[in-house]
Every structure is written in C-alpha cells, then in structure tokens.
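Engineer: Here you go, input21.txt (compact mmCIF, C-alpha atoms and all ligand atoms):
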# COMPACT_ATOMS: atom_id res chain seq x y z
CA MET A 394 126.72 83.70 107.63
CA PRO A 395 123.06 84.85 107.28
CA LYS A 396 121.23 82.98 104.55
CA GLY A 397 117.95 83.25 102.71
CA ILE A 398 115.32 85.86 102.01
CA TRP A 399 112.30 85.12 104.13
CA ILE A 400 108.80 86.20 103.25
CA PHE A 401 106.07 86.12 105.89
CA VAL A 402 103.15 84.49 104.09
CA GLU A 403 100.24 85.86 106.04
CA GLN A 404 97.12 83.75 105.93
CA TYR A 405 93.68 84.24 107.33
CA ASN A 406 91.27 81.30 107.58
CA GLY A 407 93.45 79.30 105.19
CA GLN A 408 93.62 82.05 102.55
CA ILE A 409 96.95 83.66 101.74
CA ARG A 410 96.73 87.43 101.72
CA LYS A 411 97.32 89.12 98.39
CA VAL A 412 100.17 91.23 99.74
CA SER A 413 102.11 88.05 100.56
CA LEU A 414 101.80 86.89 96.94
CA GLU A 415 103.05 90.30 95.82
CA LEU A 416 106.01 89.94 98.19
CA LEU A 417 106.82 86.40 97.08
CA SER A 418 106.87 87.59 93.47
CA GLN A 419 109.16 90.53 94.28
CA GLY A 420 111.22 88.34 96.63
CA ARG A 421 111.81 85.93 93.73
CA LYS A 422 113.39 88.75 91.72
CA ILE A 423 115.66 89.74 94.62
CA ALA A 424 116.58 86.08 95.18
CA ASP A 425 117.56 85.73 91.51
CA GLN A 426 119.66 88.93 91.69
CA SER A 427 121.37 88.05 94.96
CA GLY A 428 121.70 84.29 94.67
CA GLU A 429 119.93 83.84 98.03
CA PRO A 430 117.17 81.21 98.35
CA LEU A 431 113.61 82.50 98.78
CA ILE A 432 111.91 81.04 101.84
CA ALA A 433 108.20 81.39 102.62
CA VAL A 434 107.25 81.24 106.29
CA ILE A 435 103.65 80.29 107.03
CA ALA A 436 102.21 80.22 110.54
CA GLY A 437 98.88 78.92 111.81
CA GLU A 438 97.21 75.56 112.28
CA GLY A 439 96.48 73.14 109.44
CA ILE A 440 98.34 75.27 106.90
CA ARG A 441 100.23 72.60 104.96
CA ASP A 442 98.02 73.02 101.89
CA LEU A 443 99.27 76.59 101.45
CA ALA A 444 102.88 75.49 100.77
CA GLY A 445 102.13 74.68 97.12
CA GLN A 446 100.74 78.14 96.47
CA ALA A 447 103.81 79.74 98.05
CA ALA A 448 105.99 77.59 95.76
CA SER A 449 104.00 78.61 92.69
CA TYR A 450 104.73 82.27 93.47
CA GLY A 451 108.46 81.66 93.71
CA ALA A 452 109.43 80.12 97.08
CA ASP A 453 112.34 77.64 97.02
CA GLN A 454 111.57 76.44 100.51
CA VAL A 455 108.57 76.72 102.84
CA TYR A 456 108.85 76.77 106.62
CA LEU A 457 105.63 75.70 108.27
CA LEU A 458 104.99 76.89 111.81
CA ASP A 459 101.97 74.65 112.37
CA SER A 460 100.66 74.69 115.91
CA PRO A 461 97.41 75.21 117.85
CA GLU A 462 99.24 78.02 119.68
CA LEU A 463 99.48 79.91 116.38
CA LYS A 464 95.96 79.22 115.14
CA GLN A 465 94.86 82.76 115.99
CA TYR A 466 97.29 85.63 115.96
CA THR A 467 98.40 86.79 119.37
CA THR A 468 101.26 89.21 119.85
CA GLY A 469 103.03 87.04 122.41
CA ALA A 470 102.85 83.68 120.65
CA TYR A 471 103.86 84.98 117.22
CA THR A 472 106.66 87.19 118.57
CA SER A 473 108.02 84.28 120.60
CA ALA A 474 107.84 81.72 117.77
CA PHE A 475 109.30 83.99 115.08
CA ASN A 476 112.03 85.33 117.35
CA LYS A 477 113.23 81.76 118.01
CA LEU A 478 112.93 80.67 114.36
CA ILE A 479 114.91 83.68 113.14
CA LYS A 480 117.62 83.32 115.80
CA ASP A 481 118.01 79.62 114.97
CA ASN A 482 118.16 80.08 111.19
CA ASP A 483 119.74 83.49 110.66
CA PRO A 484 118.09 84.81 107.47
CA VAL A 485 119.56 87.76 105.54
CA ALA A 486 116.19 89.45 105.27
CA PHE A 487 112.67 89.02 106.58
CA LEU A 488 109.99 90.85 104.59
CA LEU A 489 106.38 91.16 105.72
CA GLY A 490 103.31 92.83 104.23
CA HIS A 491 102.38 96.09 105.95
CA THR A 492 99.13 94.92 107.52
CA ALA A 493 97.27 95.31 110.80
CA LEU A 494 98.92 92.09 112.04
CA THR A 495 102.48 92.99 111.12
CA LYS A 496 102.18 96.57 112.41
CA ASP A 497 101.90 94.79 115.75
CA LEU A 498 104.40 91.98 115.16
CA ALA A 499 107.29 93.57 113.24
CA PRO A 500 108.33 96.27 115.77
CA ARG A 501 108.32 93.68 118.55
CA LEU A 502 110.48 91.34 116.50
CA ALA A 503 112.87 94.19 115.70
CA GLN A 504 113.21 94.93 119.40
CA ARG A 505 113.82 91.28 120.33
CA LEU A 506 116.35 90.78 117.55
CA GLY A 507 118.04 94.12 118.17
CA VAL A 508 117.71 95.15 114.51
CA GLY A 509 116.28 98.12 112.62
CA LEU A 510 112.88 98.06 110.92
CA ALA A 511 111.85 99.81 107.70
CA SER A 512 108.08 100.09 107.86
CA ASP A 513 105.47 100.97 105.23
CA VAL A 514 107.90 100.47 102.37
CA VAL A 515 106.68 101.17 98.82
CA ASP A 516 109.75 100.09 96.84
CA MET A 517 113.11 98.42 97.34
CA GLU A 518 116.38 97.81 95.56
CA THR A 519 119.32 95.51 96.20
CA ASP A 520 122.41 97.12 97.69
CA PRO A 521 125.93 95.64 98.09
CA GLU A 522 126.34 96.86 101.67
CA LYS A 523 122.84 97.00 103.14
CA PHE A 524 121.45 94.11 101.03
CA LEU A 525 118.25 96.09 100.46
CA VAL A 526 117.51 99.81 100.40
CA PHE A 527 113.88 100.70 101.01
CA LYS A 528 111.81 103.63 99.78
CA ARG A 529 109.34 104.94 102.39
CA PRO A 530 106.90 107.84 102.20
CA VAL A 531 107.43 110.52 104.86
CA TYR A 532 105.55 113.70 105.80
CA THR A 533 102.20 112.14 104.78
CA GLY A 534 103.57 111.20 101.38
CA SER A 535 105.01 114.62 100.47
CA ALA A 536 108.54 113.16 100.29
CA TYR A 537 110.36 109.83 100.32
CA SER A 538 113.19 108.60 102.47
CA PHE A 539 115.56 105.82 101.43
CA VAL A 540 116.68 103.63 104.30
CA GLY A 541 118.77 100.54 104.81
CA THR A 542 120.25 98.71 107.75
CA THR A 543 123.56 96.99 108.33
CA THR A 544 122.07 94.73 110.99
CA ARG A 545 120.76 91.27 110.03
CA PRO A 546 118.17 90.22 109.31
CA VAL A 547 117.07 93.18 107.24
CA LEU A 548 113.52 93.64 108.48
CA ALA A 549 110.80 95.51 106.59
CA THR A 550 107.05 95.75 106.16
CA ILE A 551 105.87 96.44 102.60
CA ARG A 552 102.70 98.33 101.74
CA PRO A 553 100.09 96.25 99.85
CA LYS A 554 99.99 96.82 96.09
CA SER A 555 103.56 98.12 95.95
CA PHE A 556 104.44 95.19 93.68
CA VAL A 557 102.51 93.27 91.06
CA PRO A 558 102.12 89.54 91.75
CA SER A 559 103.57 87.29 89.06
CA GLU A 560 101.54 84.62 87.28
CA PRO A 561 101.66 81.52 89.49
CA ASP A 562 103.69 78.63 88.06
CA THR A 563 102.01 75.48 89.39
CA SER A 564 104.85 73.29 88.14
CA ARG A 565 107.23 74.88 90.67
CA GLN A 566 108.10 72.74 93.70
CA ALA A 567 109.45 73.85 97.09
CA GLU A 568 111.00 71.87 99.89
CA VAL A 569 108.57 71.94 102.83
CA VAL A 570 110.15 72.07 106.28
CA ASP A 571 108.17 71.51 109.47
CA ALA A 572 109.79 74.07 111.73
CA ALA A 573 109.76 73.43 115.46
CA VAL A 574 107.37 75.87 117.14
CA SER A 575 108.74 77.18 120.37
CA VAL A 576 106.57 79.59 122.33
CA ASP A 577 107.88 80.82 125.66
CA PRO A 578 104.99 80.52 128.17
CA ALA A 579 106.12 83.85 129.66
CA ASP A 580 105.16 85.47 126.33
CA LEU A 581 101.59 84.21 126.41
CA LYS A 582 99.93 87.21 127.95
CA THR A 583 96.74 87.04 125.87
CA ILE A 584 94.34 84.16 125.36
CA ILE A 585 91.76 84.54 122.62
CA LYS A 586 88.45 83.08 123.74
CA ASP A 587 86.27 84.05 120.83
CA ILE A 588 86.38 86.06 117.63
CA ALA A 589 83.40 87.93 116.25
CA ILE A 590 83.84 88.67 112.56
CA ALA A 591 81.78 91.30 110.82
CA VAL A 592 80.63 89.50 107.70
CA SER A 593 81.16 91.43 104.50
CA SER A 594 80.97 90.30 100.91
CA ARG A 595 83.15 93.22 99.89
CA PRO A 596 86.96 93.00 99.60
CA ALA A 597 89.27 94.45 102.24
CA LEU A 598 90.09 98.09 101.53
CA THR A 599 93.82 97.43 101.20
CA GLU A 600 93.23 94.69 98.64
CA ALA A 601 90.39 96.21 96.62
CA ASP A 602 90.87 97.24 92.98
CA PHE A 603 87.87 99.56 93.10
CA ILE A 604 87.00 101.84 96.00
CA VAL A 605 84.24 104.38 96.28
CA SER A 606 84.67 106.60 99.32
CA GLY A 607 82.38 109.10 101.00
CA GLY A 608 83.21 112.15 103.08
CA ARG A 609 81.37 114.80 105.03
CA GLY A 610 79.46 115.59 101.84
CA MET A 611 77.51 112.32 102.35
CA LYS A 612 75.61 114.20 105.09
CA ALA A 613 74.09 111.13 106.82
CA PRO A 614 74.92 107.47 107.47
CA GLU A 615 72.02 106.11 105.40
CA ASN A 616 73.36 107.90 102.32
CA PHE A 617 76.34 105.51 102.18
CA LYS A 618 73.86 103.07 100.58
CA ILE A 619 74.35 104.80 97.23
CA LEU A 620 78.10 104.16 97.47
CA GLU A 621 77.54 100.52 98.44
CA GLU A 622 75.31 100.05 95.42
CA LEU A 623 77.99 101.44 93.11
CA ALA A 624 80.78 99.41 94.76
CA ASP A 625 78.81 96.15 94.53
CA ILE A 626 78.37 96.39 90.77
CA VAL A 627 82.10 95.82 90.28
CA GLY A 628 82.88 93.89 93.47
CA GLY A 629 84.57 96.91 95.03
CA ALA A 630 84.96 98.26 98.54
CA VAL A 631 83.48 101.29 100.30
CA GLY A 632 85.78 103.73 102.08
CA ALA A 633 85.38 106.97 103.99
CA SER A 634 87.14 110.11 105.09
CA ARG A 635 87.86 110.69 108.73
CA ALA A 636 85.17 113.38 108.86
CA ALA A 637 82.57 110.75 107.92
CA VAL A 638 83.99 108.31 110.48
CA ASP A 639 84.18 110.93 113.23
CA SER A 640 80.57 111.88 112.50
CA GLY A 641 79.66 108.30 113.39
CA TRP A 642 78.27 107.58 109.91
CA ILE A 643 80.54 104.61 109.17
CA ASP A 644 82.85 102.34 111.16
CA ASN A 645 86.46 103.49 111.49
CA LYS A 646 87.76 100.35 109.76
CA PHE A 647 86.60 102.03 106.52
CA GLN A 648 88.71 105.14 107.04
CA VAL A 649 91.22 105.90 104.29
CA GLY A 650 94.19 108.10 105.06
CA GLN A 651 97.12 108.79 107.30
CA THR A 652 95.39 107.37 110.35
CA GLY A 653 93.29 104.86 108.40
CA SER A 654 94.08 102.42 105.61
CA MET A 655 96.63 103.08 102.90
CA VAL A 656 94.99 102.01 99.67
CA ALA A 657 96.12 101.79 96.05
CA PRO A 658 93.20 100.56 93.91
CA THR A 659 93.01 100.81 90.14
CA LEU A 660 90.06 103.20 90.54
CA TYR A 661 89.29 105.41 93.55
CA ILE A 662 86.13 107.51 93.47
CA ALA A 663 86.04 110.24 96.13
CA CYS A 664 82.53 111.55 96.81
CA GLY A 665 82.06 114.67 98.91
CA ILE A 666 85.68 114.59 100.11
CA SER A 667 87.64 117.85 100.10
CA GLY A 668 91.11 116.30 99.70
CA ALA A 669 92.87 117.10 102.97
CA ILE A 670 96.55 116.08 103.00
CA GLN A 671 95.83 113.34 105.55
CA HIS A 672 93.25 111.78 103.23
CA LEU A 673 95.50 112.08 100.17
CA ALA A 674 98.27 110.32 102.09
CA GLY A 675 96.12 107.19 102.11
CA MET A 676 94.84 107.11 98.53
CA GLY A 677 97.28 109.18 96.46
CA SER A 678 98.88 106.03 94.99
CA SER A 679 95.60 104.96 93.36
CA LYS A 680 96.02 104.41 89.62
CA PHE A 681 93.00 106.52 88.61
CA ILE A 682 91.27 109.00 90.89
CA VAL A 683 87.81 110.35 90.18
CA ALA A 684 86.51 113.16 92.38
CA ILE A 685 82.91 114.26 92.73
CA ASN A 686 82.56 117.52 94.60
CA LYS A 687 80.27 120.50 94.30
CA ASP A 688 83.10 122.92 95.12
CA PRO A 689 85.19 123.48 91.95
CA ASP A 690 88.10 124.67 94.12
CA ALA A 691 88.21 121.54 96.31
CA ASN A 692 91.79 120.30 96.73
CA ILE A 693 90.80 116.76 95.70
CA PHE A 694 90.62 118.01 92.09
CA ASN A 695 94.39 118.68 92.23
CA VAL A 696 95.09 114.95 92.47
CA ALA A 697 92.11 113.67 90.45
CA ASP A 698 92.53 112.26 86.95
CA TYR A 699 88.85 113.01 86.32
CA GLY A 700 86.85 115.60 88.23
CA ILE A 701 83.10 115.99 88.27
CA VAL A 702 81.86 119.29 89.70
CA GLY A 703 78.37 118.56 90.91
CA ASP A 704 76.11 117.29 93.64
CA LEU A 705 77.12 113.73 94.51
CA PHE A 706 73.46 112.84 95.12
CA ASP A 707 72.84 113.52 91.41
CA VAL A 708 76.14 112.20 90.05
CA VAL A 709 76.58 108.90 91.95
CA PRO A 710 73.22 107.38 90.85
CA LEU A 711 74.04 108.34 87.24
CA LEU A 712 77.46 106.68 87.52
CA THR A 713 75.81 103.59 89.00
CA GLN A 714 73.46 103.37 86.02
CA GLU A 715 76.39 103.64 83.60
CA PHE A 716 78.45 101.02 85.47
CA LYS A 717 75.45 98.67 85.38
CA LYS A 718 75.31 99.02 81.59
CA LEU A 719 79.04 98.21 81.37
CA VAL A 720 78.84 94.99 83.37
CA ASN A 721 75.55 93.74 81.89
P1 LIG B 801 85.40 118.25 104.44
O1 LIG B 801 86.81 118.68 104.44
O2 LIG B 801 84.44 118.91 105.30
O3 LIG B 801 84.92 118.15 102.95
C1 LIG B 801 83.63 117.83 102.57
C2 LIG B 801 83.55 118.07 101.07
O4 LIG B 801 82.30 117.63 100.61
C3 LIG B 801 83.70 119.52 100.66
O5 LIG B 801 84.73 119.65 99.72
C4 LIG B 801 82.36 119.88 100.03
O6 LIG B 801 82.48 120.75 98.93
C5 LIG B 801 81.88 118.52 99.58
N1 LIG B 801 80.42 118.37 99.49
C6 LIG B 801 79.49 118.69 100.41
N2 LIG B 801 78.26 118.34 99.97
C7 LIG B 801 78.43 117.79 98.75
C8 LIG B 801 77.54 117.24 97.79
N3 LIG B 801 76.23 117.16 98.01
N4 LIG B 801 78.05 116.79 96.62
C9 LIG B 801 79.38 116.88 96.36
N5 LIG B 801 80.27 117.38 97.24
C10 LIG B 801 79.80 117.82 98.43
N6 LIG B 801 91.24 112.51 107.23
C11 LIG B 801 91.05 111.40 106.50
O7 LIG B 801 90.20 111.35 105.61
N7 LIG B 801 91.80 110.27 106.77
C12 LIG B 801 92.74 110.23 107.74
O8 LIG B 801 93.36 109.19 107.93
C13 LIG B 801 92.97 111.41 108.50
N8 LIG B 801 93.91 111.44 109.46
C14 LIG B 801 94.14 112.61 110.13
C15 LIG B 801 95.20 112.67 111.05
C16 LIG B 801 95.44 113.86 111.72
C17 LIG B 801 96.59 113.88 112.69
C18 LIG B 801 94.66 114.98 111.47
C19 LIG B 801 94.93 116.28 112.18
C20 LIG B 801 93.61 114.93 110.58
C21 LIG B 801 93.33 113.75 109.90
N9 LIG B 801 92.30 113.67 108.97
C22 LIG B 801 92.15 112.54 108.23
C23 LIG B 801 91.30 114.73 108.83
C24 LIG B 801 91.54 115.66 107.66
O9 LIG B 801 92.39 116.71 108.04
C25 LIG B 801 90.19 116.27 107.17
O10 LIG B 801 89.58 116.92 108.25
C26 LIG B 801 89.22 115.24 106.62
O11 LIG B 801 89.86 114.41 105.68
C27 LIG B 801 88.06 115.97 105.95
O12 LIG B 801 87.11 115.03 105.51
P2 LIG B 801 86.12 115.40 104.32
O13 LIG B 801 86.90 115.72 103.11
O14 LIG B 801 85.13 114.32 104.24
O15 LIG B 801 85.36 116.67 104.90
Mind turning the file's structure into structure tokens?
Structural biologist:
Amino acid sequence: MPKGIWIFVEQYNGQIRKVSLELLSQGRKIADQSGEPLIAVIAGEGIRDLAGQAASYGADQVYLLDSPELKQYTTGAYTSAFNKLIKDNDPVAFLLGHTALTKDLAPRLAQRLGVGLASDVVDMETDPEKFLVFKRPVYTGSAYSFVGTTTRPVLATIRPKSFVPSEPDTSRQAEVVDAAVSVDPADLKTIIKDIAIAVSSRPALTEADFIVSGGRGMKAPENFKILEELADIVGGAVGASRAAVDSGWIDNKFQVGQTGSMVAPTLYIACGISGAIQHLAGMGSSKFIVAINKDPDANIFNVADYGIVGDLFDVVPLLTQEFKKLVN
C-alpha cells in the first residue's frame, strides 16, 4: 500500500529553494486532508542542518540522502538514488518544484518508475481516485488542462510561486531518517570536475518578487544598465525578451517566456517589449504588470495593469528616481 506524500526539498549550496518551501506548505494541507504523512526528501552532502527547516514548513519526516555522490547534481546519480529510494518506500505522491534541475530529473524518474508525470503544474486538488488532479497551462497559457494519473507514485513538478509558503513553525519536529544512498555505477555517465558560477547579487528570476525586463526596444546591450539600476533599488531581478537575447544583448538565462523562465513576481515591468504570446506565457501570472512602450497599440498593454505610453529612455530613469524616494 503506497504511503506518504513526498516533497523534493531542492537545495543549492545549503540553501533550500523557495519553491520547495511553497511545496512543503501546500503538501501539509494535502497531508491533513488525506491523512498521509508529509515526507521531505533532501539530497546532497552535509545537508542535515536543513531537516529542521523542512520540519518547520510542515514535514512529519525527513529523508536525508547524504552522500558525496550527490554533492553536485548529476542526472545519473540523482536518477539512480531516487529511483531506488522510491521503489523501496512506495510513496503515494512525489512532488517537485518545476526547476532547471527537476526538468531533467523528473521525466527520467517517470520513465524508470513506469509512471505518468504532470509537469509545470500551477494548481492541484485532492481526488478520491487519482489522489491528486493537477492544473497545467497548455497552448502557451491560453487554456488549462486538468490531469491525474492512476499509477503510483503520482509524480508532478510544480511551477514556482503557484503556492504561498506558510509561516514557519520552529516548534515543529520531524523524524530524521538517514536513507541508504544507492547509486548504480552504470548510471554514472557524467563526472563534474568544476563548476563556474556567474556571481550575481540579484535574485533568481523564478524567485524574484520584482522583475524589470527589457526587449528589442532597449536597442543596445549597454542600455540594460538603466534596468539594473531600477531593479537594484528594490532587490529585484532583470529579465529580457527573446528578441533582446537573440540580439546578443543579454545572456539567455535572463529570457522570460515560453522558451525561457516562467516567472510570477508581485511586480513585472516590461520595457520596450511588444507582448508576443510567447513572452506573455512566461510572465502573465505576475500579480501586477506595468508596460512601458512607445506604441499605444502594443499587445503588452492588453495584459498590463498599468500602461505608460512613452519612450522607455525617458520613463525608466523617472521611475528609478521615484522608487529611490520610496525606499529612502
Ligand atoms: P518586438 O516585438 O520587436 O517589440 C519591441 C517593442 O519595443 C515594440 O513594441 C516597440 O514599440 C517597443 N519600443 C521600441 N523602442 C522603444 C522605446 N524607446 N521606448 C519604448 N518602447 C519601445 N519571446 C520571448 O520573449 N520569450 C520566449 O520565451 C519566446 N519563445 C518563443 C518560442 C517560439 C517557438 C517562438 C516562435 C518565438 C518565441 N519568442 C519568445 C519570440 C516572440 O515571438 C517575439 O518575437 C519576442 O517576444 C519579441 O520580443 P520584443 O517584444 O522584445 O520585440
């Protein structure tokens, strides 16, 4: 009999990703409704200290996969270790954040386990037959599909910011279990020798509450400085349209949209972006959208809460001045 709702608590350099805290909080609600225990699964090396945080966000139990083989993510090692852990313990559901790591891991796990996968989920509800039914955007967000599986475990990746994290309760305790890590040597096809990290003081796009993005209207790479200045006042992130990325003005990790990051900040400011469907697919769930465009008929104004018709090179510095006054 499958047992337990598992949440993949993704960590990077000893920091739990925000989406995992959102999932633990939502998982707690499902656990209370279904009577299943909520189990956090943390993988890496030297990760024991993270168990308490997982407990404070609702986990009843924490499985630690602590091993040098899992220090850095590799497809083979993580697929192997999780496949074995799941087969040995038979959870009802395994929920992961929809991140760069899990876009790689989850489909492989689904294939190994012979189960379905609901990816890029934005909402979920309990269901007597399928345990969970997931809401997923389709056709670049123009419609939603509702999917569930009868196979176990129910496997899904959940888009960041789909759920609000609860207030942590530091008095909560969870049983911590050192899970045996079993990695099949045949799975180890990649060895990571070194990692070069681009240092940035700005938050990751998918986790940022404030994003200011530039499109083709930015006209040149050096002009992104005015967006960086605005973003830095409120500790926000800088994003871009694909046109700006394809022009070579900004790295593609900053691209927002169907083939970039899916973001849902509290405030998204689109500067010189026309509002193509593929861009809207990535930022349409933002709470407030402000568009700055000199074309009054630009499609971005159809989704914007506030629209400013004007030249971004005039408007952005004015906005920056006003934001400075607000934070000072
Ligand atoms: P444009 O459409 O050229 O718009 C530029 C805008 O800037 C115009 O509205 C103009 O009025 C305005 N402007 C110009 N100068 C100024 C100024 N000085 N002040 C104010 N406004 C000014 N796009 C994405 O963004 N993300 C994706 O993930 C993505 N994925 C795609 C996937 C596929 C399969 C395909 C086919 C396309 C994808 N695209 C994506 C591309 C998308 O279709 C558009 O081409 C792109 O979003 C356009 O970028 P843009 O709005 O910056 O440029």
Engineer: In Å to one decimal, how far is CA of Val702 in chain A from atom N2 of ligand LIG 801 (chain B)?
Structural biologist: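 A separation of 10.9 Å between them.
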Engineer: All residues within 7 Å of ligand LIG 801 (chain B) are required, counting only C-alpha atoms and all ligand atoms; please report them as a PyMOL selection string.
Structural biologist: chain A and resi 607-611+633-637+648-653+664-672+675+685-688+691+703-706
Engineer: In Å, with one decimal, what is the gap from CA of Ala624 in chain A to CA of Ile693 in chain A?
Structural biologist: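 So the answer is 20.1 Å.
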Engineer: Rank A:Ser535, A:Thr519, A:Thr544, A:Thr659 by their smallest atom-to-atom distance to Pro484 in chain A, using all atoms listed in the file, and report the top residue only.
Structural biologist: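 Closest to Pro484 in chain A of all the choices is A:Thr544.
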Engineer: Compile the contact shell of Thr542 in chain A as a PDB file with C-alpha atoms, in the frame of the given file: residues with an atom at most 12 Å away, counting only C-alpha atoms, same-chain residues fewer than 4 positions apart removed.
Structural biologist:
ATOM      1  CA  VAL A 485     119.560  87.760 105.540  1.00  0.00           C
ATOM      2  CA  ALA A 486     116.190  89.450 105.270  1.00  0.00           C
ATOM      3  CA  ALA A 503     112.870  94.190 115.700  1.00  0.00           C
ATOM      4  CA  GLY A 507     118.040  94.120 118.170  1.00  0.00           C
ATOM      5  CA  VAL A 508     117.710  95.150 114.510  1.00  0.00           C
ATOM      6  CA  GLY A 509     116.280  98.120 112.620  1.00  0.00           C
ATOM      7  CA  LEU A 510     112.880  98.060 110.920  1.00  0.00           C
ATOM      8  CA  ALA A 511     111.850  99.810 107.700  1.00  0.00           C
ATOM      9  CA  ASP A 520     122.410  97.120  97.690  1.00  0.00           C
ATOM     10  CA  PRO A 521     125.930  95.640  98.090  1.00  0.00           C
ATOM     11  CA  GLU A 522     126.340  96.860 101.670  1.00  0.00           C
ATOM     12  CA  LYS A 523     122.840  97.000 103.140  1.00  0.00           C
ATOM     13  CA  PHE A 524     121.450  94.110 101.030  1.00  0.00           C
ATOM     14  CA  LEU A 525     118.250  96.090 100.460  1.00  0.00           C
ATOM     15  CA  VAL A 526     117.510  99.810 100.400  1.00  0.00           C
ATOM     16  CA  PHE A 527     113.880 100.700 101.010  1.00  0.00           C
ATOM     17  CA  PRO A 546     118.170  90.220 109.310  1.00  0.00           C
ATOM     18  CA  VAL A 547     117.070  93.180 107.240  1.00  0.00           C
ATOM     19  CA  LEU A 548     113.520  93.640 108.480  1.00  0.00           C
ATOM     20  CA  ALA A 549     110.800  95.510 106.590  1.00  0.00           C
TER      21      ALA A 549
END
Engineer: Which distance in Å separates CA of Ser575 in chain A and CA of Tyr456 in chain A, to one decimal?
Structural biologist: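 Between these atoms lies a distance of 13.8 Å.
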Engineer: Need the shell around Gly397 in chain A: protein/DNA/RNA residues with any atom at most 9 Å away, counting all atoms listed in the file. Skip same-chain ones fewer than 5 positions apart. Format as a list of chain:residue names?
Structural biologist: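 Once the adjacent positions are removed, what remains is A:Ala424, A:Gly428, A:Glu429, A:Pro430, A:Leu431, A:Ile432, A:Asp483, A:Pro484, A:Val485, A:Ala486, A:Phe487.
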Engineer: I'd like the neighbourhood of range 409-416 of chain A as a ChimeraX atom specification, where a residue qualifies if any of its atoms comes within 6 Å (using only C-alpha atoms), though same-chain residues fewer than 6 positions away should be ignored.
Structural biologist: /A:402-403,490,553,556-558
Engineer: Of the candidates A:Gly469, A:Gly641, A:Gly700, A:Pro658, which one gets nearest to Glu600 in chain A if we count all atoms listed in the file?
Structural biologist: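 The closest residue to Glu600 in chain A is A:Pro658.
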Engineer: Hey, which of A:Pro710, A:Asn692, A:Lys396, A:Ala630 ends up closest to Asn616 in chain A? Count only C-alpha atoms.
Structural biologist: A:Pro710
Engineer: Which residues are close to Val605 in chain A, i.e. within 6 Å by only C-alpha atoms, leaving aside same-chain residues fewer than 2 positions away? Reply as a ChimeraX atom specification.
Structural biologist: /A:631,661-662
Engineer: Can I get the selected residues back with C-alpha atoms, as a compact mmCIF listing (two decimals), in the frame of the given file?
Structural biologist:
# COMPACT_ATOMS: atom_id res chain seq x y z
CA VAL A 631 83.48 101.29 100.30
CA TYR A 661 89.29 105.41 93.55
CA ILE A 662 86.13 107.51 93.47
Engineer: Residues within 12 Å of Asn721 in chain A, please, as a ChimeraX atom specification. Count only C-alpha atoms; anything in the same chain fewer than 4 positions from it doesn't count.
Structural biologist: /A:626-627,714-717
Engineer: Output as a short mmCIF file (atom, residue, chain, number, x, y, z; two decimals), in the frame of the given file: range 568-574 of chain A, completed with all heavy atoms.
Structural biologist:
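Output file out-v1.cif follows:
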data_model
loop_
_atom_site.label_atom_id
_atom_site.label_comp_id
_atom_site.auth_asym_id
_atom_site.auth_seq_id
_atom_site.Cartn_x
_atom_site.Cartn_y
_atom_site.Cartn_z
N GLU A 568 110.79 72.80 98.78
CA GLU A 568 111.00 71.87 99.89
C GLU A 568 110.19 72.38 101.09
O GLU A 568 110.25 73.57 101.42
CB GLU A 568 112.49 71.86 100.25
CG GLU A 568 112.84 70.89 101.35
CD GLU A 568 114.21 71.19 101.98
OE1 GLU A 568 114.91 72.11 101.48
OE2 GLU A 568 114.55 70.52 102.95
N VAL A 569 109.40 71.51 101.70
CA VAL A 569 108.57 71.94 102.83
C VAL A 569 109.22 71.46 104.13
O VAL A 569 109.52 70.28 104.28
CB VAL A 569 107.13 71.39 102.70
CG1 VAL A 569 106.28 71.84 103.87
CG2 VAL A 569 106.51 71.86 101.38
N VAL A 570 109.47 72.39 105.02
CA VAL A 570 110.15 72.07 106.28
C VAL A 570 109.20 72.32 107.44
O VAL A 570 108.64 73.43 107.56
CB VAL A 570 111.41 72.97 106.46
CG1 VAL A 570 112.10 72.69 107.79
CG2 VAL A 570 112.36 72.81 105.29
N ASP A 571 108.98 71.30 108.27
CA ASP A 571 108.17 71.51 109.47
C ASP A 571 109.06 72.11 110.54
O ASP A 571 109.89 71.42 111.13
CB ASP A 571 107.59 70.17 109.96
CG ASP A 571 106.45 69.72 109.07
OD1 ASP A 571 105.45 70.44 109.01
OD2 ASP A 571 106.60 68.68 108.41
N ALA A 572 108.93 73.40 110.75
CA ALA A 572 109.79 74.07 111.73
C ALA A 572 109.26 73.81 113.14
O ALA A 572 108.04 73.75 113.34
CB ALA A 572 109.81 75.56 111.43
N ALA A 573 110.18 73.64 114.07
CA ALA A 573 109.76 73.43 115.46
C ALA A 573 109.18 74.74 115.98
O ALA A 573 109.78 75.81 115.81
CB ALA A 573 110.96 73.01 116.29
N VAL A 574 108.00 74.66 116.59
CA VAL A 574 107.37 75.87 117.14
C VAL A 574 107.71 75.95 118.62
O VAL A 574 107.42 75.03 119.38
CB VAL A 574 105.84 75.84 116.95
CG1 VAL A 574 105.19 77.06 117.58
CG2 VAL A 574 105.50 75.75 115.47
#
